[in-house]
Amino acid sequence: MLSFVHSAKFDELYQPSWALDHITNEGELLKLKLDKYSGAGFQSKSKYMFGKVSIKMKLVEGDSAGTVTAFYMSSDGPKHNEFDFEFLGNTTGEPYLVQTNVYVNGVGNREQRLNLWFDPTKDFHSYSILWSHRQVVFLVDETPIRVMTNMERKGVPFPKDQPMGVYSSIWNADDWATRGGLVKTDWSHAPFVATYKGFEIDACECPFSLAAVESAKKCSSNAEKMFWWDQPAMSELSLHQSHQLAWVRANHMVYDYCADNARFPVKPVECEHHIHKHLVMFD
């Protein structure tokens, strides 16, 4: 069974992408800084198709209202695919919100938001994206918080043909991030710092020179090779994981696009096949 395992320091897998003077590399730890002049970001040195990417983060402490820290995978171009974790800052004592979103062929509008069951500013926690031909799974400390199942047979597009880079950044988004933009960034608390470690990528690496169709062929299992993410056991959540996801949805989710009838009078096709309850619309 084939696997591409990378577990390394930051500069073996990633490189700064903007505002290098707002990035501090301390060996095992990497810090991104946001102040009134700039945020900062980094990206993977390679692109990947299928597998799992993970990172350990400690989010901005104290009053983080107006700030957004993101960890995501994305391909290029107007018809891009993208899997997003966005951590929406809040005033001191209020919980961080985690917003996830999925873009397929350039179309997003699939937001879900939840509160975490721990304080993500006090210690490091792992955030992961698992991507296979069958599903995309968002995980927090290995607990699934969202699943997008391949429903192409129902006519729902699924991301499976574009290599994706891995990215993270911190920036000011006080026009929307906290209570819909009502709470602005308090720059007296700057700099706002997000800290990272545990950079892991276990995925099929795609050279930039390789065409997308060739990358898809290179990263798909066949009679001669089998990738771990194509194993039958990886095609859906285990029973334990399904129970974990149900617990997260029932106790921590505060917004689901599938339950937003005002925004989507006609329910998106993929939403017809999931149970969406216990949800409070986020203001």
# chains A, B, ... in the order shown; residues from 1 in each chain; ligands from 1
call {"tool": "closest_atom_pairs", "arguments": {"of": "region 22-87 of chain A", "to": "region 167-189 of chain A", "cutoff": "10 Å", "atoms": "only C-alpha atoms", "output": "JSON lines"}}
result
{"residue": "A:Leu32", "atom": "CA", "partner": "A:Ile170", "partner_atom": "CA", "distance": 6.8}
{"residue": "A:Lys33", "atom": "CA", "partner": "A:Ile170", "partner_atom": "CA", "distance": 7.2}
{"residue": "A:Leu34", "atom": "CA", "partner": "A:Trp171", "partner_atom": "CA", "distance": 6.2}
{"residue": "A:Asp35", "atom": "CA", "partner": "A:Trp187", "partner_atom": "CA", "distance": 7.1}
{"residue": "A:Lys36", "atom": "CA", "partner": "A:Trp187", "partner_atom": "CA", "distance": 6.5}
{"residue": "A:Tyr37", "atom": "CA", "partner": "A:Asn172", "partner_atom": "CA", "distance": 9.9}
{"residue": "A:Ser38", "atom": "CA", "partner": "A:Trp171", "partner_atom": "CA", "distance": 7.3}
{"residue": "A:Gly39", "atom": "CA", "partner": "A:Trp171", "partner_atom": "CA", "distance": 4.6}
{"residue": "A:Ala40", "atom": "CA", "partner": "A:Ser169", "partner_atom": "CA", "distance": 5.6}
{"residue": "A:Gly41", "atom": "CA", "partner": "A:Ser169", "partner_atom": "CA", "distance": 3.9}
{"residue": "A:Phe42", "atom": "CA", "partner": "A:Ser168", "partner_atom": "CA", "distance": 5.5}
{"residue": "A:Gln43", "atom": "CA", "partner": "A:Tyr167", "partner_atom": "CA", "distance": 4.3}
{"residue": "A:Ser44", "atom": "CA", "partner": "A:Tyr167", "partner_atom": "CA", "distance": 6.4}
{"residue": "A:Lys45", "atom": "CA", "partner": "A:Tyr167", "partner_atom": "CA", "distance": 9.9}
{"residue": "A:Ile55", "atom": "CA", "partner": "A:Ser168", "partner_atom": "CA", "distance": 9.8}
{"residue": "A:Val60", "atom": "CA", "partner": "A:Ile170", "partner_atom": "CA", "distance": 9.7}
{"residue": "A:Glu61", "atom": "CA", "partner": "A:His189", "partner_atom": "CA", "distance": 9.9}
{"residue": "A:Gly62", "atom": "CA", "partner": "A:His189", "partner_atom": "CA", "distance": 8.4}
{"residue": "A:Asp63", "atom": "CA", "partner": "A:His189", "partner_atom": "CA", "distance": 7.1}
{"residue": "A:Ser64", "atom": "CA", "partner": "A:Thr185", "partner_atom": "CA", "distance": 7.3}
{"residue": "A:Ala65", "atom": "CA", "partner": "A:Thr185", "partner_atom": "CA", "distance": 5.4}
{"residue": "A:Gly66", "atom": "CA", "partner": "A:Asp174", "partner_atom": "CA", "distance": 3.8}
{"residue": "A:Thr67", "atom": "CA", "partner": "A:Asn172", "partner_atom": "CA", "distance": 4.8}
{"residue": "A:Val68", "atom": "CA", "partner": "A:Trp171", "partner_atom": "CA", "distance": 5.6}
{"residue": "A:Thr69", "atom": "CA", "partner": "A:Ile170", "partner_atom": "CA", "distance": 4.3}
{"residue": "A:Ala70", "atom": "CA", "partner": "A:Ser168", "partner_atom": "CA", "distance": 5.3}
{"residue": "A:Phe71", "atom": "CA", "partner": "A:Ser168", "partner_atom": "CA", "distance": 4.4}
{"residue": "A:Tyr72", "atom": "CA", "partner": "A:Tyr167", "partner_atom": "CA", "distance": 5.3}
{"residue": "A:Met73", "atom": "CA", "partner": "A:Tyr167", "partner_atom": "CA", "distance": 6.1}
{"residue": "A:Ser74", "atom": "CA", "partner": "A:Tyr167", "partner_atom": "CA", "distance": 7.7}
{"residue": "A:Asp84", "atom": "CA", "partner": "A:Tyr167", "partner_atom": "CA", "distance": 9.6}
{"residue": "A:Phe85", "atom": "CA", "partner": "A:Ser168", "partner_atom": "CA", "distance": 9.3}
{"residue": "A:Glu86", "atom": "CA", "partner": "A:Ser168", "partner_atom": "CA", "distance": 9.5}
{"residue": "A:Phe87", "atom": "CA", "partner": "A:Ala177", "partner_atom": "CA", "distance": 8.9}
call {"tool": "residues_around", "arguments": {"residues": "Phe124 (chain A)", "least_positions_apart": "3", "cutoff": "9 Å", "atoms": "only C-alpha atoms", "output": "ChimeraX atom specification"}}
result
/A:56-59,120-121,195-197
call {"tool": "write_last_selection", "arguments": {"atoms": "all heavy atoms", "output": "mmCIF file, in the first residue's frame"}}
result
data_model
loop_
_atom_site.group_PDB
_atom_site.id
_atom_site.type_symbol
_atom_site.label_atom_id
_atom_site.label_comp_id
_atom_site.auth_asym_id
_atom_site.auth_seq_id
_atom_site.Cartn_x
_atom_site.Cartn_y
_atom_site.Cartn_z
ATOM 1 N N LYS A 56 -0.847 21.753 13.768
ATOM 2 C CA LYS A 56 -1.226 22.062 15.149
ATOM 3 C C LYS A 56 -1.122 23.570 15.337
ATOM 4 O O LYS A 56 -0.100 24.179 14.987
ATOM 5 C CB LYS A 56 -0.336 21.321 16.136
ATOM 6 C CG LYS A 56 -0.571 19.825 16.128
ATOM 7 C CD LYS A 56 0.307 19.091 17.129
ATOM 8 C CE LYS A 56 0.008 17.591 17.101
ATOM 9 N NZ LYS A 56 0.921 16.833 18.002
ATOM 10 N N MET A 57 -2.185 24.150 15.888
ATOM 11 C CA MET A 57 -2.247 25.599 16.022
ATOM 12 C C MET A 57 -2.664 25.990 17.431
ATOM 13 O O MET A 57 -3.441 25.290 18.081
ATOM 14 C CB MET A 57 -3.268 26.192 15.041
ATOM 15 C CG MET A 57 -2.985 25.944 13.593
ATOM 16 S SD MET A 57 -4.370 26.483 12.540
ATOM 17 C CE MET A 57 -4.490 28.207 13.010
ATOM 18 N N LYS A 58 -2.126 27.115 17.862
ATOM 19 C CA LYS A 58 -2.617 27.802 19.052
ATOM 20 C C LYS A 58 -3.062 29.172 18.583
ATOM 21 O O LYS A 58 -2.249 29.967 18.089
ATOM 22 C CB LYS A 58 -1.535 27.891 20.133
ATOM 23 C CG LYS A 58 -2.042 28.523 21.422
ATOM 24 C CD LYS A 58 -1.127 28.228 22.618
ATOM 25 C CE LYS A 58 0.230 28.858 22.475
ATOM 26 N NZ LYS A 58 1.041 28.745 23.714
ATOM 27 N N LEU A 59 -4.354 29.459 18.730
ATOM 28 C CA LEU A 59 -4.924 30.663 18.153
ATOM 29 C C LEU A 59 -4.663 31.897 19.009
ATOM 30 O O LEU A 59 -4.193 31.806 20.149
ATOM 31 C CB LEU A 59 -6.426 30.463 17.939
ATOM 32 C CG LEU A 59 -6.787 29.336 16.955
ATOM 33 C CD1 LEU A 59 -8.293 29.138 16.885
ATOM 34 C CD2 LEU A 59 -6.231 29.634 15.564
ATOM 35 N N PRO A 120 -9.219 27.161 22.187
ATOM 36 C CA PRO A 120 -8.125 26.922 21.233
ATOM 37 C C PRO A 120 -6.962 27.888 21.383
ATOM 38 O O PRO A 120 -5.984 27.792 20.631
ATOM 39 C CB PRO A 120 -8.808 27.104 19.880
ATOM 40 C CG PRO A 120 -9.883 28.116 20.155
ATOM 41 C CD PRO A 120 -10.379 27.806 21.544
ATOM 42 N N THR A 121 -7.049 28.809 22.345
ATOM 43 C CA THR A 121 -5.961 29.777 22.559
ATOM 44 C C THR A 121 -5.002 29.341 23.656
ATOM 45 O O THR A 121 -3.934 29.936 23.810
ATOM 46 C CB THR A 121 -6.522 31.162 22.921
ATOM 47 O OG1 THR A 121 -7.047 31.148 24.266
ATOM 48 C CG2 THR A 121 -7.632 31.576 21.973
ATOM 49 N N THR A 195 0.178 30.697 16.511
ATOM 50 C CA THR A 195 1.391 29.882 16.617
ATOM 51 C C THR A 195 1.132 28.477 16.071
ATOM 52 O O THR A 195 0.073 27.892 16.327
ATOM 53 C CB THR A 195 1.862 29.798 18.077
ATOM 54 O OG1 THR A 195 1.937 31.120 18.627
ATOM 55 C CG2 THR A 195 3.229 29.147 18.180
ATOM 56 N N TYR A 196 2.112 27.951 15.348
ATOM 57 C CA TYR A 196 1.963 26.670 14.646
ATOM 58 C C TYR A 196 3.099 25.715 14.994
ATOM 59 O O TYR A 196 4.223 26.134 15.259
ATOM 60 C CB TYR A 196 2.017 26.888 13.124
ATOM 61 C CG TYR A 196 0.982 27.802 12.560
ATOM 62 C CD1 TYR A 196 1.097 29.187 12.679
ATOM 63 C CD2 TYR A 196 -0.114 27.295 11.866
ATOM 64 C CE1 TYR A 196 0.139 30.035 12.136
ATOM 65 C CE2 TYR A 196 -1.059 28.140 11.313
ATOM 66 C CZ TYR A 196 -0.936 29.503 11.452
ATOM 67 O OH TYR A 196 -1.870 30.343 10.900
ATOM 68 N N LYS A 197 2.799 24.429 14.922
ATOM 69 C CA LYS A 197 3.812 23.380 14.959
ATOM 70 C C LYS A 197 3.183 22.110 14.377
ATOM 71 O O LYS A 197 2.030 22.122 13.931
ATOM 72 C CB LYS A 197 4.310 23.138 16.395
ATOM 73 C CG LYS A 197 3.289 22.520 17.343
ATOM 74 C CD LYS A 197 3.928 22.232 18.704
ATOM 75 C CE LYS A 197 2.947 21.518 19.638
ATOM 76 N NZ LYS A 197 3.559 21.198 20.942
#
call {"tool": "atom_distance", "arguments": {"atom1": "CA of Arg146 (chain A)", "atom2": "CA of Thr100 (chain A)"}}
result
8.1 Å
call {"tool": "residues_around", "arguments": {"residues": "Arg263 (chain A)", "least_positions_apart": "5", "cutoff": "10 Å", "atoms": "only C-alpha atoms", "output": "PyMOL selection string"}}
result
chain A and resi 109+257-258
call {"tool": "write_last_selection", "arguments": {"atoms": "N, CA and C atoms", "output": "PDB file, in the first residue's frame"}}
result
ATOM      1  N   ASN A 109     -20.236  28.969  -0.902  1.00  0.00           N
ATOM      2  CA  ASN A 109     -21.545  29.133  -0.254  1.00  0.00           C
ATOM      3  C   ASN A 109     -21.998  27.882   0.483  1.00  0.00           C
ATOM      4  N   TYR A 257     -25.440  25.967   6.360  1.00  0.00           N
ATOM      5  CA  TYR A 257     -26.084  26.495   5.156  1.00  0.00           C
ATOM      6  C   TYR A 257     -27.273  25.650   4.728  1.00  0.00           C
ATOM      7  N   CYS A 258     -27.235  24.361   5.030  1.00  0.00           N
ATOM      8  CA  CYS A 258     -28.335  23.480   4.648  1.00  0.00           C
ATOM      9  C   CYS A 258     -29.627  23.803   5.389  1.00  0.00           C
TER      10      CYS A 258
END
call {"tool": "residues_around", "arguments": {"residues": "Met151 (chain A)", "least_positions_apart": "4", "cutoff": "9 Å", "atoms": "only C-alpha atoms", "output": "list in words"}}
result
Arg134, Gly155, Val156, Pro157, Phe158 and Glu270 of chain A
call {"tool": "atom_distance", "arguments": {"atom1": "CA of Asn81 (chain A)", "atom2": "CA of Ala223 (chain A)"}}
result
28.0 Å
call {"tool": "select_by_dssp", "arguments": {"residues": "region 33-187 of chain A", "states": "strand (DSSP E or B)", "output": "PyMOL selection string"}}
result
chain A and resi 33-34+40-44+47-58+67-74+82-88+97-104+107+112-115+125-131+135-140+143-149+164-172
call {"tool": "residues_around", "arguments": {"residues": "region 225-239 of chain A", "least_positions_apart": "3", "cutoff": "10 Å", "atoms": "only C-alpha atoms", "output": "JSON, numbers by chain"}}
result
{"A": [1, 2, 3, 4, 50, 51, 52, 130, 131, 132, 133, 134, 135, 136, 137, 144, 147, 149, 150, 202, 203, 204, 219, 220, 221, 222, 242, 243, 244, 245]}
call {"tool": "write_last_selection", "arguments": {"atoms": "N, CA and C atoms", "output": "compact mmCIF listing (two decimals), in the first residue's frame"}}
result
# COMPACT_ATOMS: atom_id res chain seq x y z
N MET A 1 0.84 -1.18 0.00
CA MET A 1 0.00 0.00 0.00
C MET A 1 0.88 1.25 0.00
N LEU A 2 0.61 2.15 -0.92
CA LEU A 2 1.46 3.32 -1.07
C LEU A 2 1.02 4.45 -0.14
N SER A 3 1.99 5.17 0.35
CA SER A 3 1.73 6.33 1.19
C SER A 3 2.87 7.32 0.99
N PHE A 4 2.54 8.59 1.08
CA PHE A 4 3.54 9.63 0.95
C PHE A 4 3.55 10.41 2.26
N PHE A 50 -5.31 14.18 -2.97
CA PHE A 50 -5.76 13.13 -2.05
C PHE A 50 -4.74 12.90 -0.93
N GLY A 51 -5.26 12.44 0.21
CA GLY A 51 -4.43 12.22 1.37
C GLY A 51 -4.91 13.04 2.54
N LYS A 52 -3.99 13.38 3.43
CA LYS A 52 -4.36 14.09 4.65
C LYS A 52 -3.31 15.13 4.98
N LEU A 130 -8.90 15.51 5.43
CA LEU A 130 -8.73 14.21 4.78
C LEU A 130 -9.50 14.25 3.47
N TRP A 131 -8.83 13.93 2.37
CA TRP A 131 -9.43 14.06 1.03
C TRP A 131 -9.20 12.77 0.26
N SER A 132 -10.28 12.15 -0.16
CA SER A 132 -10.19 10.95 -1.00
C SER A 132 -11.20 11.08 -2.13
N HIS A 133 -11.28 10.05 -2.98
CA HIS A 133 -12.28 10.05 -4.05
C HIS A 133 -13.70 9.98 -3.49
N ARG A 134 -13.83 9.48 -2.27
CA ARG A 134 -15.15 9.23 -1.70
C ARG A 134 -15.67 10.35 -0.80
N GLN A 135 -14.75 11.08 -0.14
CA GLN A 135 -15.21 12.07 0.82
C GLN A 135 -14.12 13.07 1.16
N VAL A 136 -14.56 14.21 1.70
CA VAL A 136 -13.69 15.20 2.31
C VAL A 136 -14.11 15.31 3.77
N VAL A 137 -13.16 15.13 4.68
CA VAL A 137 -13.47 15.15 6.11
C VAL A 137 -12.63 16.23 6.80
N PRO A 144 -14.14 14.11 13.70
CA PRO A 144 -14.72 14.72 12.50
C PRO A 144 -15.77 15.77 12.86
N VAL A 147 -18.30 16.41 7.05
CA VAL A 147 -18.02 15.45 5.97
C VAL A 147 -18.74 15.91 4.71
N THR A 149 -19.56 14.10 1.32
CA THR A 149 -19.53 12.80 0.65
C THR A 149 -19.63 12.99 -0.86
N ASN A 150 -18.92 12.17 -1.61
CA ASN A 150 -19.02 12.21 -3.06
C ASN A 150 -20.44 11.78 -3.47
N ASP A 202 0.48 13.82 4.51
CA ASP A 202 0.53 12.42 4.08
C ASP A 202 -0.37 12.33 2.85
N ALA A 203 0.20 12.66 1.70
CA ALA A 203 -0.61 12.84 0.50
C ALA A 203 0.21 12.56 -0.74
N CYS A 204 -0.45 12.56 -1.88
CA CYS A 204 0.22 12.29 -3.16
C CYS A 204 0.72 13.62 -3.73
N CYS A 219 -2.19 9.87 -8.92
CA CYS A 219 -2.62 9.80 -7.53
C CYS A 219 -3.85 8.94 -7.31
N SER A 220 -4.20 8.12 -8.29
CA SER A 220 -5.34 7.21 -8.17
C SER A 220 -4.84 5.77 -8.07
N SER A 221 -5.50 5.00 -7.24
CA SER A 221 -5.13 3.59 -7.09
C SER A 221 -5.55 2.79 -8.32
N ASN A 222 -4.81 1.73 -8.57
CA ASN A 222 -5.16 0.81 -9.66
C ASN A 222 -4.69 -0.59 -9.28
N SER A 242 -18.86 8.40 13.22
CA SER A 242 -20.22 8.88 12.94
C SER A 242 -20.88 9.38 14.21
N HIS A 243 -20.66 8.69 15.31
CA HIS A 243 -21.21 9.13 16.59
C HIS A 243 -20.55 10.44 17.03
N GLN A 244 -19.25 10.57 16.80
CA GLN A 244 -18.55 11.81 17.15
C GLN A 244 -19.12 12.98 16.34
N LEU A 245 -19.32 12.78 15.05
CA LEU A 245 -19.85 13.84 14.21
C LEU A 245 -21.25 14.23 14.64
call {"tool": "residues_around", "arguments": {"residues": "Gln241 (chain A)", "least_positions_apart": "6", "cutoff": "10 Å", "atoms": "only C-alpha atoms", "output": "PDB file with C-alpha atoms, in the first residue's frame"}}
result
ATOM      1  CA  GLU A 142      -9.046  13.652  15.040  1.00  0.00           C
ATOM      2  CA  THR A 143     -12.768  14.223  15.741  1.00  0.00           C
ATOM      3  CA  PRO A 144     -14.717  14.716  12.498  1.00  0.00           C
ATOM      4  CA  ILE A 145     -16.637  17.993  12.467  1.00  0.00           C
ATOM      5  CA  TRP A 247     -22.300  14.812  18.874  1.00  0.00           C
TER       6      TRP A 247
END
call {"tool": "select_by_dssp", "arguments": {"residues": "region 24-266 of chain A", "states": "helix (DSSP H, G or I)", "output": "PyMOL selection string"}}
result
chain A and resi 152-154+179-181+187-189+212-218+228-230+232-234+239-252+257-259
call {"tool": "write_last_selection", "arguments": {"atoms": "C-alpha atoms", "output": "PDB file, in the first residue's frame"}}
result
ATOM      1  CA  GLU A 152     -21.737  12.743  -8.165  1.00  0.00           C
ATOM      2  CA  ARG A 153     -24.380  10.120  -8.904  1.00  0.00           C
ATOM      3  CA  LYS A 154     -26.904  12.685  -7.636  1.00  0.00           C
ATOM      4  CA  ARG A 179     -20.918  39.250  14.960  1.00  0.00           C
ATOM      5  CA  GLY A 180     -21.291  40.037  11.304  1.00  0.00           C
ATOM      6  CA  GLY A 181     -18.885  42.971  11.498  1.00  0.00           C
ATOM      7  CA  TRP A 187      -5.567  47.524  17.548  1.00  0.00           C
ATOM      8  CA  SER A 188      -4.445  48.401  21.084  1.00  0.00           C
ATOM      9  CA  HIS A 189      -4.208  44.615  21.587  1.00  0.00           C
ATOM     10  CA  ALA A 212      -4.037  18.015 -13.862  1.00  0.00           C
ATOM     11  CA  VAL A 213      -5.205  14.934 -15.763  1.00  0.00           C
ATOM     12  CA  GLU A 214      -1.787  13.318 -15.301  1.00  0.00           C
ATOM     13  CA  SER A 215      -1.801  14.215 -11.610  1.00  0.00           C
ATOM     14  CA  ALA A 216      -5.197  12.562 -11.195  1.00  0.00           C
ATOM     15  CA  LYS A 217      -3.863   9.415 -12.849  1.00  0.00           C
ATOM     16  CA  LYS A 218      -0.655   9.462 -10.776  1.00  0.00           C
ATOM     17  CA  TRP A 228      -4.139   4.158   1.926  1.00  0.00           C
ATOM     18  CA  TRP A 229      -6.925   6.698   1.352  1.00  0.00           C
ATOM     19  CA  ASP A 230      -8.485   4.405  -1.270  1.00  0.00           C
ATOM     20  CA  PRO A 232     -12.455   0.376   1.647  1.00  0.00           C
ATOM     21  CA  ALA A 233     -12.242   1.275   5.345  1.00  0.00           C
ATOM     22  CA  MET A 234     -11.482   4.875   4.390  1.00  0.00           C
ATOM     23  CA  LEU A 239     -19.310   3.953  13.473  1.00  0.00           C
ATOM     24  CA  HIS A 240     -17.373   5.692  16.257  1.00  0.00           C
ATOM     25  CA  GLN A 241     -16.570   8.635  13.998  1.00  0.00           C
ATOM     26  CA  SER A 242     -20.216   8.881  12.935  1.00  0.00           C
ATOM     27  CA  HIS A 243     -21.207   9.133  16.595  1.00  0.00           C
ATOM     28  CA  GLN A 244     -18.552  11.809  17.147  1.00  0.00           C
ATOM     29  CA  LEU A 245     -19.852  13.837  14.208  1.00  0.00           C
ATOM     30  CA  ALA A 246     -23.435  13.559  15.441  1.00  0.00           C
ATOM     31  CA  TRP A 247     -22.300  14.812  18.874  1.00  0.00           C
ATOM     32  CA  VAL A 248     -20.502  17.793  17.335  1.00  0.00           C
ATOM     33  CA  ARG A 249     -23.504  18.708  15.205  1.00  0.00           C
ATOM     34  CA  ALA A 250     -25.964  18.397  18.091  1.00  0.00           C
ATOM     35  CA  ASN A 251     -23.910  20.261  20.684  1.00  0.00           C
ATOM     36  CA  HIS A 252     -21.593  22.692  18.917  1.00  0.00           C
ATOM     37  CA  TYR A 257     -26.084  26.495   5.156  1.00  0.00           C
ATOM     38  CA  CYS A 258     -28.335  23.480   4.648  1.00  0.00           C
ATOM     39  CA  ALA A 259     -30.705  24.819   7.331  1.00  0.00           C
TER      40      ALA A 259
END
call {"tool": "atom_distance", "arguments": {"atom1": "CA of Asn25 (chain A)", "atom2": "CA of Asp11 (chain A)"}}
result
8.7 Å
